Structures are given as structure tokens and as C-alpha cells.
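Pasted below: start.cif, mmCIF, N, CA and C atoms.
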data_input
#
loop_
_atom_site.label_atom_id
_atom_site.label_comp_id
_atom_site.auth_asym_id
_atom_site.auth_seq_id
_atom_site.Cartn_x
_atom_site.Cartn_y
_atom_site.Cartn_z
N MET A 1 16.69 -5.76 -1.06
CA MET A 1 16.69 -6.12 0.33
C MET A 1 15.73 -7.28 0.53
N THR A 2 16.00 -8.11 1.50
CA THR A 2 15.15 -9.26 1.76
C THR A 2 14.38 -9.08 3.04
N LEU A 3 13.38 -9.92 3.21
CA LEU A 3 12.59 -9.87 4.42
C LEU A 3 13.08 -10.85 5.46
N VAL A 4 13.77 -11.89 5.05
CA VAL A 4 14.13 -12.96 5.95
C VAL A 4 15.48 -12.74 6.60
N HIS A 5 16.46 -12.32 5.88
CA HIS A 5 17.81 -12.21 6.40
C HIS A 5 18.11 -10.81 6.90
N MET A 6 17.34 -10.36 7.86
CA MET A 6 17.60 -9.06 8.45
C MET A 6 18.63 -9.24 9.56
N GLN A 7 19.34 -8.19 9.87
CA GLN A 7 20.32 -8.27 10.95
C GLN A 7 19.59 -8.46 12.27
N SER A 8 20.17 -9.29 13.12
CA SER A 8 19.58 -9.51 14.44
C SER A 8 19.88 -8.32 15.32
N ARG A 9 18.84 -7.73 15.84
CA ARG A 9 18.98 -6.65 16.80
C ARG A 9 17.65 -6.56 17.53
N PRO A 10 17.64 -5.88 18.63
CA PRO A 10 16.39 -5.79 19.41
C PRO A 10 15.26 -5.25 18.54
N ALA A 11 14.09 -5.84 18.72
CA ALA A 11 12.92 -5.37 17.97
C ALA A 11 12.59 -3.97 18.44
N ASP A 12 12.56 -3.05 17.51
CA ASP A 12 12.13 -1.71 17.84
C ASP A 12 11.04 -1.31 16.86
N ALA A 13 10.42 -0.22 17.11
CA ALA A 13 9.30 0.20 16.27
C ALA A 13 9.71 0.36 14.82
N ASP A 14 10.94 0.83 14.57
CA ASP A 14 11.40 1.05 13.21
C ASP A 14 11.51 -0.26 12.42
N SER A 15 12.14 -1.28 13.01
CA SER A 15 12.34 -2.52 12.27
C SER A 15 11.05 -3.33 12.13
N VAL A 16 10.16 -3.23 13.09
CA VAL A 16 8.91 -3.98 13.05
C VAL A 16 7.92 -3.35 12.07
N HIS A 17 7.96 -2.04 11.94
CA HIS A 17 6.95 -1.35 11.14
C HIS A 17 7.46 -0.82 9.81
N ARG A 18 8.60 -1.29 9.34
CA ARG A 18 9.09 -0.85 8.03
C ARG A 18 8.09 -1.26 6.98
N THR A 19 7.93 -0.43 5.98
CA THR A 19 6.93 -0.68 4.96
C THR A 19 7.55 -1.21 3.67
N ALA A 20 6.68 -1.71 2.80
CA ALA A 20 7.12 -2.29 1.53
C ALA A 20 7.95 -1.30 0.72
N VAL A 21 7.53 -0.05 0.69
CA VAL A 21 8.24 0.93 -0.11
C VAL A 21 9.66 1.17 0.42
N GLU A 22 9.88 0.91 1.70
CA GLU A 22 11.21 1.09 2.28
C GLU A 22 12.15 -0.07 1.98
N VAL A 23 11.63 -1.24 1.68
CA VAL A 23 12.48 -2.42 1.49
C VAL A 23 12.43 -2.99 0.09
N MET A 24 11.61 -2.44 -0.77
CA MET A 24 11.44 -3.04 -2.10
C MET A 24 12.65 -2.79 -2.99
N ASP A 25 12.80 -3.70 -3.94
CA ASP A 25 13.78 -3.55 -5.01
C ASP A 25 13.06 -2.95 -6.21
N ALA A 26 13.80 -2.50 -7.18
CA ALA A 26 13.20 -1.98 -8.41
C ALA A 26 12.35 -3.08 -9.06
N ALA A 27 11.29 -2.67 -9.72
CA ALA A 27 10.38 -3.63 -10.35
C ALA A 27 11.07 -4.41 -11.46
N GLY A 28 12.03 -3.81 -12.11
CA GLY A 28 12.70 -4.48 -13.22
C GLY A 28 11.87 -4.39 -14.49
N PRO A 29 12.22 -5.21 -15.46
CA PRO A 29 11.52 -5.14 -16.75
C PRO A 29 10.03 -5.44 -16.60
N GLN A 30 9.22 -4.68 -17.33
CA GLN A 30 7.78 -4.89 -17.35
C GLN A 30 7.36 -5.21 -18.78
N VAL A 31 6.48 -6.18 -18.91
CA VAL A 31 5.99 -6.57 -20.22
C VAL A 31 4.47 -6.56 -20.22
N CYS A 32 3.91 -6.42 -21.39
CA CYS A 32 2.46 -6.44 -21.54
C CYS A 32 1.98 -7.90 -21.52
N ASP A 33 0.81 -8.12 -20.96
CA ASP A 33 0.30 -9.48 -20.81
C ASP A 33 -0.07 -10.16 -22.13
N ASP A 34 -0.12 -9.41 -23.23
CA ASP A 34 -0.42 -10.04 -24.51
C ASP A 34 0.84 -10.47 -25.27
N MET A 35 1.99 -10.35 -24.63
CA MET A 35 3.26 -10.77 -25.23
C MET A 35 3.32 -12.30 -25.27
N SER A 36 3.93 -12.83 -26.31
CA SER A 36 4.08 -14.28 -26.40
C SER A 36 5.12 -14.77 -25.40
N VAL A 37 5.02 -16.02 -25.04
CA VAL A 37 5.96 -16.64 -24.11
C VAL A 37 7.38 -16.55 -24.65
N GLU A 38 7.54 -16.82 -25.93
CA GLU A 38 8.87 -16.80 -26.55
C GLU A 38 9.50 -15.40 -26.49
N VAL A 39 8.72 -14.37 -26.77
CA VAL A 39 9.24 -13.01 -26.71
C VAL A 39 9.55 -12.62 -25.26
N ALA A 40 8.72 -13.04 -24.32
CA ALA A 40 8.98 -12.75 -22.91
C ALA A 40 10.30 -13.39 -22.47
N LEU A 41 10.55 -14.60 -22.91
CA LEU A 41 11.82 -15.26 -22.59
C LEU A 41 13.00 -14.50 -23.19
N ALA A 42 12.82 -13.97 -24.39
CA ALA A 42 13.88 -13.19 -25.02
C ALA A 42 14.13 -11.88 -24.25
N VAL A 43 13.07 -11.26 -23.77
CA VAL A 43 13.22 -10.04 -22.96
C VAL A 43 13.99 -10.37 -21.69
N MET A 44 13.65 -11.49 -21.06
CA MET A 44 14.36 -11.90 -19.84
C MET A 44 15.84 -12.12 -20.11
N ALA A 45 16.13 -12.80 -21.19
CA ALA A 45 17.53 -13.09 -21.53
C ALA A 45 18.29 -11.78 -21.76
N ALA A 46 17.69 -10.86 -22.50
CA ALA A 46 18.35 -9.59 -22.79
C ALA A 46 18.55 -8.76 -21.53
N ALA A 47 17.58 -8.82 -20.62
CA ALA A 47 17.67 -8.04 -19.38
C ALA A 47 18.44 -8.76 -18.28
N ARG A 48 18.79 -10.01 -18.54
CA ARG A 48 19.49 -10.84 -17.56
C ARG A 48 18.76 -10.85 -16.22
N THR A 49 17.50 -11.21 -16.29
CA THR A 49 16.67 -11.27 -15.10
C THR A 49 15.92 -12.60 -15.08
N ALA A 50 15.47 -12.99 -13.92
CA ALA A 50 14.76 -14.25 -13.77
C ALA A 50 13.26 -14.06 -13.62
N ARG A 51 12.81 -12.78 -13.65
CA ARG A 51 11.37 -12.52 -13.51
C ARG A 51 10.99 -11.27 -14.29
N LEU A 52 9.71 -11.21 -14.63
CA LEU A 52 9.15 -10.05 -15.31
C LEU A 52 7.88 -9.63 -14.60
N VAL A 53 7.69 -8.34 -14.47
CA VAL A 53 6.43 -7.80 -14.01
C VAL A 53 5.52 -7.75 -15.23
N VAL A 54 4.29 -8.24 -15.08
CA VAL A 54 3.34 -8.29 -16.18
C VAL A 54 2.27 -7.24 -15.96
N CYS A 55 2.00 -6.45 -17.01
CA CYS A 55 1.01 -5.39 -16.94
C CYS A 55 -0.03 -5.59 -18.04
N ASP A 56 -1.23 -5.05 -17.81
CA ASP A 56 -2.26 -5.12 -18.84
C ASP A 56 -2.12 -3.92 -19.78
N GLN A 57 -3.06 -3.77 -20.69
CA GLN A 57 -3.00 -2.69 -21.69
C GLN A 57 -3.05 -1.30 -21.07
N ASP A 58 -3.59 -1.21 -19.85
CA ASP A 58 -3.69 0.08 -19.16
C ASP A 58 -2.49 0.36 -18.26
N GLY A 59 -1.51 -0.53 -18.26
CA GLY A 59 -0.32 -0.34 -17.44
C GLY A 59 -0.48 -0.79 -16.01
N GLN A 60 -1.58 -1.48 -15.70
CA GLN A 60 -1.78 -1.97 -14.34
C GLN A 60 -1.12 -3.33 -14.18
N CYS A 61 -0.43 -3.49 -13.08
CA CYS A 61 0.27 -4.74 -12.79
C CYS A 61 -0.75 -5.87 -12.61
N THR A 62 -0.53 -6.97 -13.33
CA THR A 62 -1.41 -8.13 -13.20
C THR A 62 -0.70 -9.31 -12.57
N GLY A 63 0.60 -9.22 -12.38
CA GLY A 63 1.34 -10.28 -11.72
C GLY A 63 2.80 -10.33 -12.13
N LEU A 64 3.41 -11.46 -11.84
CA LEU A 64 4.81 -11.72 -12.16
C LEU A 64 4.92 -13.07 -12.82
N VAL A 65 5.89 -13.22 -13.70
CA VAL A 65 6.23 -14.54 -14.23
C VAL A 65 7.72 -14.74 -14.09
N THR A 66 8.11 -15.98 -13.95
CA THR A 66 9.53 -16.31 -13.82
C THR A 66 10.01 -17.04 -15.06
N ARG A 67 11.31 -17.06 -15.23
CA ARG A 67 11.91 -17.78 -16.35
C ARG A 67 11.54 -19.26 -16.28
N THR A 68 11.53 -19.81 -15.09
CA THR A 68 11.19 -21.23 -14.91
C THR A 68 9.78 -21.51 -15.39
N GLU A 69 8.83 -20.65 -15.03
CA GLU A 69 7.44 -20.83 -15.46
C GLU A 69 7.31 -20.73 -16.97
N LEU A 70 7.94 -19.73 -17.55
CA LEU A 70 7.85 -19.54 -19.00
C LEU A 70 8.50 -20.70 -19.75
N ALA A 71 9.65 -21.15 -19.28
CA ALA A 71 10.34 -22.25 -19.95
C ALA A 71 9.53 -23.54 -19.86
N ALA A 72 8.89 -23.78 -18.72
CA ALA A 72 8.07 -24.98 -18.57
C ALA A 72 6.91 -24.98 -19.55
N VAL A 73 6.29 -23.83 -19.74
CA VAL A 73 5.18 -23.73 -20.71
C VAL A 73 5.71 -23.95 -22.12
N ARG A 74 6.80 -23.28 -22.45
CA ARG A 74 7.37 -23.40 -23.81
C ARG A 74 7.78 -24.84 -24.11
N ASP A 75 8.27 -25.56 -23.12
CA ASP A 75 8.74 -26.92 -23.34
C ASP A 75 7.64 -27.97 -23.23
N SER A 76 6.42 -27.55 -22.90
CA SER A 76 5.32 -28.52 -22.76
C SER A 76 4.81 -28.97 -24.13
N SER A 77 4.16 -30.11 -24.15
CA SER A 77 3.67 -30.67 -25.41
C SER A 77 2.55 -29.85 -26.03
N GLY A 78 1.80 -29.10 -25.22
CA GLY A 78 0.69 -28.33 -25.73
C GLY A 78 1.03 -26.91 -26.14
N TYR A 79 2.31 -26.57 -26.12
CA TYR A 79 2.72 -25.20 -26.41
C TYR A 79 2.55 -24.85 -27.89
N THR A 80 2.02 -23.66 -28.14
CA THR A 80 2.01 -23.08 -29.48
C THR A 80 2.48 -21.63 -29.36
N ASP A 81 2.78 -21.01 -30.47
CA ASP A 81 3.22 -19.62 -30.44
C ASP A 81 2.07 -18.66 -30.13
N ARG A 82 0.88 -19.19 -29.95
CA ARG A 82 -0.28 -18.36 -29.59
C ARG A 82 -0.46 -18.20 -28.08
N VAL A 83 0.33 -18.92 -27.29
CA VAL A 83 0.23 -18.81 -25.84
C VAL A 83 0.83 -17.46 -25.42
N ARG A 84 0.04 -16.71 -24.68
CA ARG A 84 0.45 -15.39 -24.21
C ARG A 84 0.79 -15.45 -22.72
N VAL A 85 1.52 -14.48 -22.27
CA VAL A 85 1.93 -14.42 -20.87
C VAL A 85 0.70 -14.43 -19.96
N ARG A 86 -0.35 -13.72 -20.33
CA ARG A 86 -1.56 -13.68 -19.49
C ARG A 86 -2.19 -15.05 -19.31
N ASP A 87 -1.94 -15.96 -20.27
CA ASP A 87 -2.51 -17.31 -20.20
C ASP A 87 -1.87 -18.16 -19.11
N ILE A 88 -0.72 -17.76 -18.63
CA ILE A 88 0.00 -18.60 -17.66
C ILE A 88 0.20 -17.93 -16.31
N LEU A 89 -0.41 -16.78 -16.09
CA LEU A 89 -0.19 -16.06 -14.84
C LEU A 89 -0.61 -16.85 -13.61
N GLY A 90 -1.64 -17.64 -13.69
CA GLY A 90 -2.04 -18.45 -12.55
C GLY A 90 -2.39 -17.58 -11.35
N ASP A 91 -1.95 -18.02 -10.16
CA ASP A 91 -2.28 -17.33 -8.91
C ASP A 91 -1.19 -16.33 -8.54
N HIS A 92 -0.92 -15.41 -9.43
CA HIS A 92 0.08 -14.38 -9.14
C HIS A 92 -0.59 -13.05 -8.89
N GLY A 93 -1.82 -13.07 -8.42
CA GLY A 93 -2.57 -11.84 -8.22
C GLY A 93 -2.40 -11.21 -6.86
N SER A 94 -1.39 -11.60 -6.12
CA SER A 94 -1.14 -10.99 -4.81
C SER A 94 -0.23 -9.78 -4.99
N PHE A 95 -0.58 -8.71 -4.28
CA PHE A 95 0.20 -7.49 -4.37
C PHE A 95 0.33 -6.87 -2.98
N ALA A 96 1.34 -6.06 -2.82
CA ALA A 96 1.51 -5.28 -1.59
C ALA A 96 1.32 -3.81 -1.95
N SER A 97 0.79 -3.06 -1.02
CA SER A 97 0.72 -1.61 -1.21
C SER A 97 2.01 -1.03 -0.62
N PRO A 98 2.32 0.21 -0.95
CA PRO A 98 3.54 0.81 -0.40
C PRO A 98 3.55 0.88 1.12
N VAL A 99 2.38 0.86 1.76
CA VAL A 99 2.33 0.97 3.21
C VAL A 99 2.17 -0.38 3.91
N THR A 100 2.16 -1.46 3.16
CA THR A 100 2.14 -2.80 3.75
C THR A 100 3.41 -2.97 4.60
N THR A 101 3.27 -3.50 5.80
CA THR A 101 4.45 -3.69 6.64
C THR A 101 5.22 -4.92 6.17
N MET A 102 6.49 -4.97 6.55
CA MET A 102 7.33 -6.12 6.21
C MET A 102 6.71 -7.40 6.75
N ALA A 103 6.21 -7.36 7.97
CA ALA A 103 5.61 -8.55 8.59
C ALA A 103 4.40 -9.03 7.80
N GLU A 104 3.54 -8.10 7.37
CA GLU A 104 2.36 -8.47 6.58
C GLU A 104 2.76 -9.06 5.22
N ALA A 105 3.74 -8.44 4.57
CA ALA A 105 4.19 -8.93 3.27
C ALA A 105 4.81 -10.32 3.39
N GLU A 106 5.64 -10.50 4.40
CA GLU A 106 6.27 -11.81 4.59
C GLU A 106 5.23 -12.88 4.85
N GLN A 107 4.26 -12.59 5.68
CA GLN A 107 3.22 -13.57 5.97
C GLN A 107 2.42 -13.92 4.71
N ALA A 108 2.06 -12.93 3.93
CA ALA A 108 1.32 -13.18 2.70
C ALA A 108 2.14 -14.03 1.73
N MET A 109 3.42 -13.74 1.62
CA MET A 109 4.28 -14.48 0.69
C MET A 109 4.43 -15.93 1.14
N ARG A 110 4.62 -16.14 2.41
CA ARG A 110 4.77 -17.50 2.92
C ARG A 110 3.46 -18.29 2.80
N ASN A 111 2.32 -17.64 3.10
CA ASN A 111 1.03 -18.32 2.99
C ASN A 111 0.72 -18.74 1.55
N ARG A 112 1.10 -17.91 0.60
CA ARG A 112 0.82 -18.20 -0.81
C ARG A 112 2.01 -18.85 -1.53
N ARG A 113 3.07 -19.09 -0.78
CA ARG A 113 4.28 -19.70 -1.32
C ARG A 113 4.85 -18.92 -2.51
N LEU A 114 4.95 -17.63 -2.29
CA LEU A 114 5.51 -16.74 -3.31
C LEU A 114 6.90 -16.31 -2.89
N GLY A 115 7.82 -16.27 -3.84
CA GLY A 115 9.16 -15.79 -3.55
C GLY A 115 9.29 -14.30 -3.76
N VAL A 116 8.37 -13.74 -4.55
CA VAL A 116 8.42 -12.33 -4.89
C VAL A 116 7.01 -11.77 -4.87
N LEU A 117 6.87 -10.56 -4.37
CA LEU A 117 5.58 -9.91 -4.28
C LEU A 117 5.70 -8.51 -4.88
N PRO A 118 4.89 -8.19 -5.91
CA PRO A 118 4.95 -6.83 -6.46
C PRO A 118 4.37 -5.81 -5.48
N VAL A 119 4.93 -4.62 -5.51
CA VAL A 119 4.41 -3.49 -4.74
C VAL A 119 3.77 -2.56 -5.76
N VAL A 120 2.48 -2.27 -5.58
CA VAL A 120 1.75 -1.45 -6.56
C VAL A 120 1.16 -0.22 -5.88
N ASP A 121 1.01 0.84 -6.66
CA ASP A 121 0.40 2.06 -6.13
C ASP A 121 -1.12 1.97 -6.22
N GLU A 122 -1.80 3.04 -5.87
CA GLU A 122 -3.26 3.05 -5.83
C GLU A 122 -3.89 2.82 -7.21
N GLN A 123 -3.17 3.13 -8.28
CA GLN A 123 -3.68 2.93 -9.63
C GLN A 123 -3.33 1.54 -10.17
N GLY A 124 -2.57 0.75 -9.41
CA GLY A 124 -2.19 -0.59 -9.84
C GLY A 124 -0.89 -0.65 -10.61
N SER A 125 -0.16 0.44 -10.68
CA SER A 125 1.13 0.46 -11.37
C SER A 125 2.22 -0.12 -10.47
N ALA A 126 3.09 -0.92 -11.05
CA ALA A 126 4.17 -1.54 -10.28
C ALA A 126 5.21 -0.50 -9.87
N LEU A 127 5.50 -0.47 -8.57
CA LEU A 127 6.52 0.41 -8.03
C LEU A 127 7.82 -0.34 -7.78
N GLY A 128 7.71 -1.60 -7.45
CA GLY A 128 8.88 -2.42 -7.13
C GLY A 128 8.43 -3.81 -6.72
N VAL A 129 9.38 -4.57 -6.18
CA VAL A 129 9.08 -5.93 -5.73
C VAL A 129 9.77 -6.18 -4.39
N ILE A 130 9.17 -7.05 -3.61
CA ILE A 130 9.77 -7.53 -2.37
C ILE A 130 10.08 -8.98 -2.61
N ALA A 131 11.31 -9.41 -2.29
CA ALA A 131 11.72 -10.79 -2.51
C ALA A 131 12.16 -11.43 -1.19
N LEU A 132 11.69 -12.64 -0.97
CA LEU A 132 12.16 -13.42 0.16
C LEU A 132 13.41 -14.16 -0.27
N SER A 133 14.39 -14.26 0.60
CA SER A 133 15.54 -15.10 0.28
C SER A 133 15.24 -16.50 0.75
N ARG A 134 15.85 -17.44 0.14
CA ARG A 134 15.60 -18.85 0.46
C ARG A 134 16.62 -19.34 1.45
#

Written form, C-alpha cells:
Amino acid sequence: MTLVHMQSRPADADSVHRTAVEVMDAAGPQVCDDMSVEVALAVMAAARTARLVVCDQDGQCTGLVTRTELAAVRDSSGYTDRVRVRDILGDHGSFASPVTTMAEAEQAMRNRRLGVLPVVDEQGSALGVIALSR
């Protein structure tokens, strides 16, 4: 489900106060942050997805990476097989809690220019993602 293309109807308490857990999509494939860029791209290809949730050794979500980001790193002149996913995460440290409202999540995503925002539980484990449509 998206945050932007909602059906037009009168604003009521239900539509204004829906939470991240109510609108999120499945988190999809998750990879460890010490995985190489090349292996992460292979996981994406096998899963037929354009993004991966990245977790640390303890299973806590550390961010998201996209196929475009990984491919750009792999195709750069400074790329080596020692580059790990954690090395390219950049500013992907924004997360939503399950009780974050749709309005709060949308505002955070637009302010940080993010297309996707992970939803994490109190322990930092990925529960799902919220995606804005373009």
C-alpha cells in the first residue's frame, strides 16, 4: 500500500491516524551488512526485488539498499570485491515504529527524500516497509 495514492474521501479519524503497521508491505529479503555488493546484487536478482533490508550481526535493521545504489558502486572505478553493503548505506538510518502515523511517515520520507522507509519493532528488527509512490 502507498501513502500518496489513497482514495479521496472525507478525512476521518481512521484515515488520518492509520499507523505504519496497518499500511506496510512485507520487508522482503533481508541481508547481513557484511555481505559483498556483488552477492547482494545476486540476492536481489534471485528474489526479483529492487531493494534489500540490511541487518547487522544481531539482526537489527540498519537500513535499506536499492539495486540502483549497489550497481552504481559496483560500476564505479574504485570498486573492489572488499566493498560491503554496510560501506554504502549512507543516510538510510531513518525508521518508522509500528505506531508511527501515515502522516508522520510521509513527512519524514519527503523531508529525507526517501522512497521507502523500514518499519522496525522495539528491538530494531524489520517488520515491513512503507513505500511512497512516485

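Looking only at chain A, the set that DSSP places in strand (DSSP E) from backbone geometry is Asp25, Ala26, Gln30, Val31, Cys32, Arg51, Leu52, Val53, Val54, Cys55, Cys61, Thr62, Gly63, Leu64, Val65, Thr66, Val116, Leu117, Pro118, Val119, Val120, Ala126, Leu127, Gly128, Val129, Ile130 and Ala131 of chain A.
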
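Here atom N of Leu52 of chain A stands at a distance of 18.2 Å from atom C of Ala108 of chain A.
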
Residues near Glu38 of chain A, anyone? I mean within 8 Å using all atoms listed in the file, not counting same-chain ones fewer than 3 positions away, as a PyMOL selection string.
chain A and resi 35+41-44+70+74+80-81+83-85

Please produce a file of those selected residues containing N, CA and C atoms, as a short mmCIF file (atom, residue, chain, number, x, y, z; two decimals), keeping the file's coordinate frame.
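The resulting selection-v4.cif:
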data_model
loop_
_atom_site.label_atom_id
_atom_site.label_comp_id
_atom_site.auth_asym_id
_atom_site.auth_seq_id
_atom_site.Cartn_x
_atom_site.Cartn_y
_atom_site.Cartn_z
N MET A 35 1.99 -10.35 -24.63
CA MET A 35 3.26 -10.77 -25.23
C MET A 35 3.32 -12.30 -25.27
N LEU A 41 10.55 -14.60 -22.91
CA LEU A 41 11.82 -15.26 -22.59
C LEU A 41 13.00 -14.50 -23.19
N ALA A 42 12.82 -13.97 -24.39
CA ALA A 42 13.88 -13.19 -25.02
C ALA A 42 14.13 -11.88 -24.25
N VAL A 43 13.07 -11.26 -23.77
CA VAL A 43 13.22 -10.04 -22.96
C VAL A 43 13.99 -10.37 -21.69
N MET A 44 13.65 -11.49 -21.06
CA MET A 44 14.36 -11.90 -19.84
C MET A 44 15.84 -12.12 -20.11
N LEU A 70 7.94 -19.73 -17.55
CA LEU A 70 7.85 -19.54 -19.00
C LEU A 70 8.50 -20.70 -19.75
N ARG A 74 6.80 -23.28 -22.45
CA ARG A 74 7.37 -23.40 -23.81
C ARG A 74 7.78 -24.84 -24.11
N THR A 80 2.02 -23.66 -28.14
CA THR A 80 2.01 -23.08 -29.48
C THR A 80 2.48 -21.63 -29.36
N ASP A 81 2.78 -21.01 -30.47
CA ASP A 81 3.22 -19.62 -30.44
C ASP A 81 2.07 -18.66 -30.13
N VAL A 83 0.33 -18.92 -27.29
CA VAL A 83 0.23 -18.81 -25.84
C VAL A 83 0.83 -17.46 -25.42
N ARG A 84 0.04 -16.71 -24.68
CA ARG A 84 0.45 -15.39 -24.21
C ARG A 84 0.79 -15.45 -22.72
N VAL A 85 1.52 -14.48 -22.27
CA VAL A 85 1.93 -14.42 -20.87
C VAL A 85 0.70 -14.43 -19.96
#

Given the file shown, enumerate the residues that the PyMOL selection byres (((chain A and resi 122 and name CA) around 12) and name CA) captures and present them as a PDB file with N, CA and C atoms, keeping the file's coordinate frame.
ATOM      1  N   GLN A  60      -1.580  -1.480 -15.700  1.00  0.00           N
ATOM      2  CA  GLN A  60      -1.780  -1.970 -14.340  1.00  0.00           C
ATOM      3  C   GLN A  60      -1.120  -3.330 -14.180  1.00  0.00           C
ATOM      4  N   CYS A  61      -0.430  -3.490 -13.080  1.00  0.00           N
ATOM      5  CA  CYS A  61       0.270  -4.740 -12.790  1.00  0.00           C
ATOM      6  C   CYS A  61      -0.750  -5.870 -12.610  1.00  0.00           C
ATOM      7  N   PHE A  95      -0.580  -8.710  -4.280  1.00  0.00           N
ATOM      8  CA  PHE A  95       0.200  -7.490  -4.370  1.00  0.00           C
ATOM      9  C   PHE A  95       0.330  -6.870  -2.980  1.00  0.00           C
ATOM     10  N   ALA A  96       1.340  -6.060  -2.820  1.00  0.00           N
ATOM     11  CA  ALA A  96       1.510  -5.280  -1.590  1.00  0.00           C
ATOM     12  C   ALA A  96       1.320  -3.810  -1.950  1.00  0.00           C
ATOM     13  N   SER A  97       0.790  -3.060  -1.020  1.00  0.00           N
ATOM     14  CA  SER A  97       0.720  -1.610  -1.210  1.00  0.00           C
ATOM     15  C   SER A  97       2.010  -1.030  -0.620  1.00  0.00           C
ATOM     16  N   PRO A  98       2.320   0.210  -0.950  1.00  0.00           N
ATOM     17  CA  PRO A  98       3.540   0.810  -0.400  1.00  0.00           C
ATOM     18  C   PRO A  98       3.550   0.880   1.120  1.00  0.00           C
ATOM     19  N   VAL A  99       2.380   0.860   1.760  1.00  0.00           N
ATOM     20  CA  VAL A  99       2.330   0.970   3.210  1.00  0.00           C
ATOM     21  C   VAL A  99       2.170  -0.380   3.910  1.00  0.00           C
ATOM     22  N   VAL A 119       4.930  -4.620  -5.510  1.00  0.00           N
ATOM     23  CA  VAL A 119       4.410  -3.490  -4.740  1.00  0.00           C
ATOM     24  C   VAL A 119       3.770  -2.560  -5.760  1.00  0.00           C
ATOM     25  N   VAL A 120       2.480  -2.270  -5.580  1.00  0.00           N
ATOM     26  CA  VAL A 120       1.750  -1.450  -6.560  1.00  0.00           C
ATOM     27  C   VAL A 120       1.160  -0.220  -5.880  1.00  0.00           C
ATOM     28  N   ASP A 121       1.010   0.840  -6.660  1.00  0.00           N
ATOM     29  CA  ASP A 121       0.400   2.060  -6.130  1.00  0.00           C
ATOM     30  C   ASP A 121      -1.120   1.970  -6.220  1.00  0.00           C
ATOM     31  N   GLN A 123      -3.170   3.130  -8.280  1.00  0.00           N
ATOM     32  CA  GLN A 123      -3.680   2.930  -9.630  1.00  0.00           C
ATOM     33  C   GLN A 123      -3.330   1.540 -10.170  1.00  0.00           C
ATOM     34  N   GLY A 124      -2.570   0.750  -9.410  1.00  0.00           N
ATOM     35  CA  GLY A 124      -2.190  -0.590  -9.840  1.00  0.00           C
ATOM     36  C   GLY A 124      -0.890  -0.650 -10.610  1.00  0.00           C
ATOM     37  N   SER A 125      -0.160   0.440 -10.680  1.00  0.00           N
ATOM     38  CA  SER A 125       1.130   0.460 -11.370  1.00  0.00           C
ATOM     39  C   SER A 125       2.220  -0.120 -10.470  1.00  0.00           C
ATOM     40  N   ALA A 126       3.090  -0.920 -11.050  1.00  0.00           N
ATOM     41  CA  ALA A 126       4.170  -1.540 -10.280  1.00  0.00           C
ATOM     42  C   ALA A 126       5.210  -0.500  -9.870  1.00  0.00           C
ATOM     43  N   LEU A 127       5.500  -0.470  -8.570  1.00  0.00           N
ATOM     44  CA  LEU A 127       6.520   0.410  -8.030  1.00  0.00           C
ATOM     45  C   LEU A 127       7.820  -0.340  -7.780  1.00  0.00           C
TER      46      LEU A 127
END

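When atom CA of Gln57 of chain A is paired with atom CA of Arg86 of chain A, their separation reads 11.3 Å.
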
Atom CA of Leu114 of chain A and atom N of Asp33 of chain A, how far apart in Å?
20.2 Å

Out of A:Val54, A:Gly63, A:Thr100, A:Val73, which residue has the shortest atom-to-atom distance to Val21 of chain A when counting all atoms listed in the file?
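Smallest distance to Val21 of chain A is found for A:Thr100.
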
Return as a ChimeraX atom specification the set of residues that the PyMOL selection byres ((chain A and resi 129) around 6) yields on the displayed structure.
/A:24-27,117-119,127-128,130-131

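Remark: for Thr49 of chain A, the closest of the candidate residues A:Gln30, A:Thr62, A:Ser94, A:Ser77 is A:Gln30 (distances computed over only C-alpha atoms).
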
So which residues fall inside 12 Å of (4.1, -14.1, 6.0) if we count only C-alpha atoms? Mind giving them as an NGL selection string?
:A and (3-4 or 96 or 100-117 or 131-132)

Please give the complete set of residues from segment 15-120 of chain A that DSSP, run on the backbone, assigns to alpha helix (DSSP H), formatted as a PyMOL selection string.
chain A and resi 15-16+20-23+37-47+67-74+102-112

Please identify all polymer residues within 7 Å of Ala50 of chain A, counting all atoms listed in the file, omitting same-chain residues fewer than 5 positions from it, and present them as a list of chain:residue names.
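So, after excluding close chain neighbours, the residues are A:Met44, A:Val65, A:Thr66, A:Arg67, A:Thr68.
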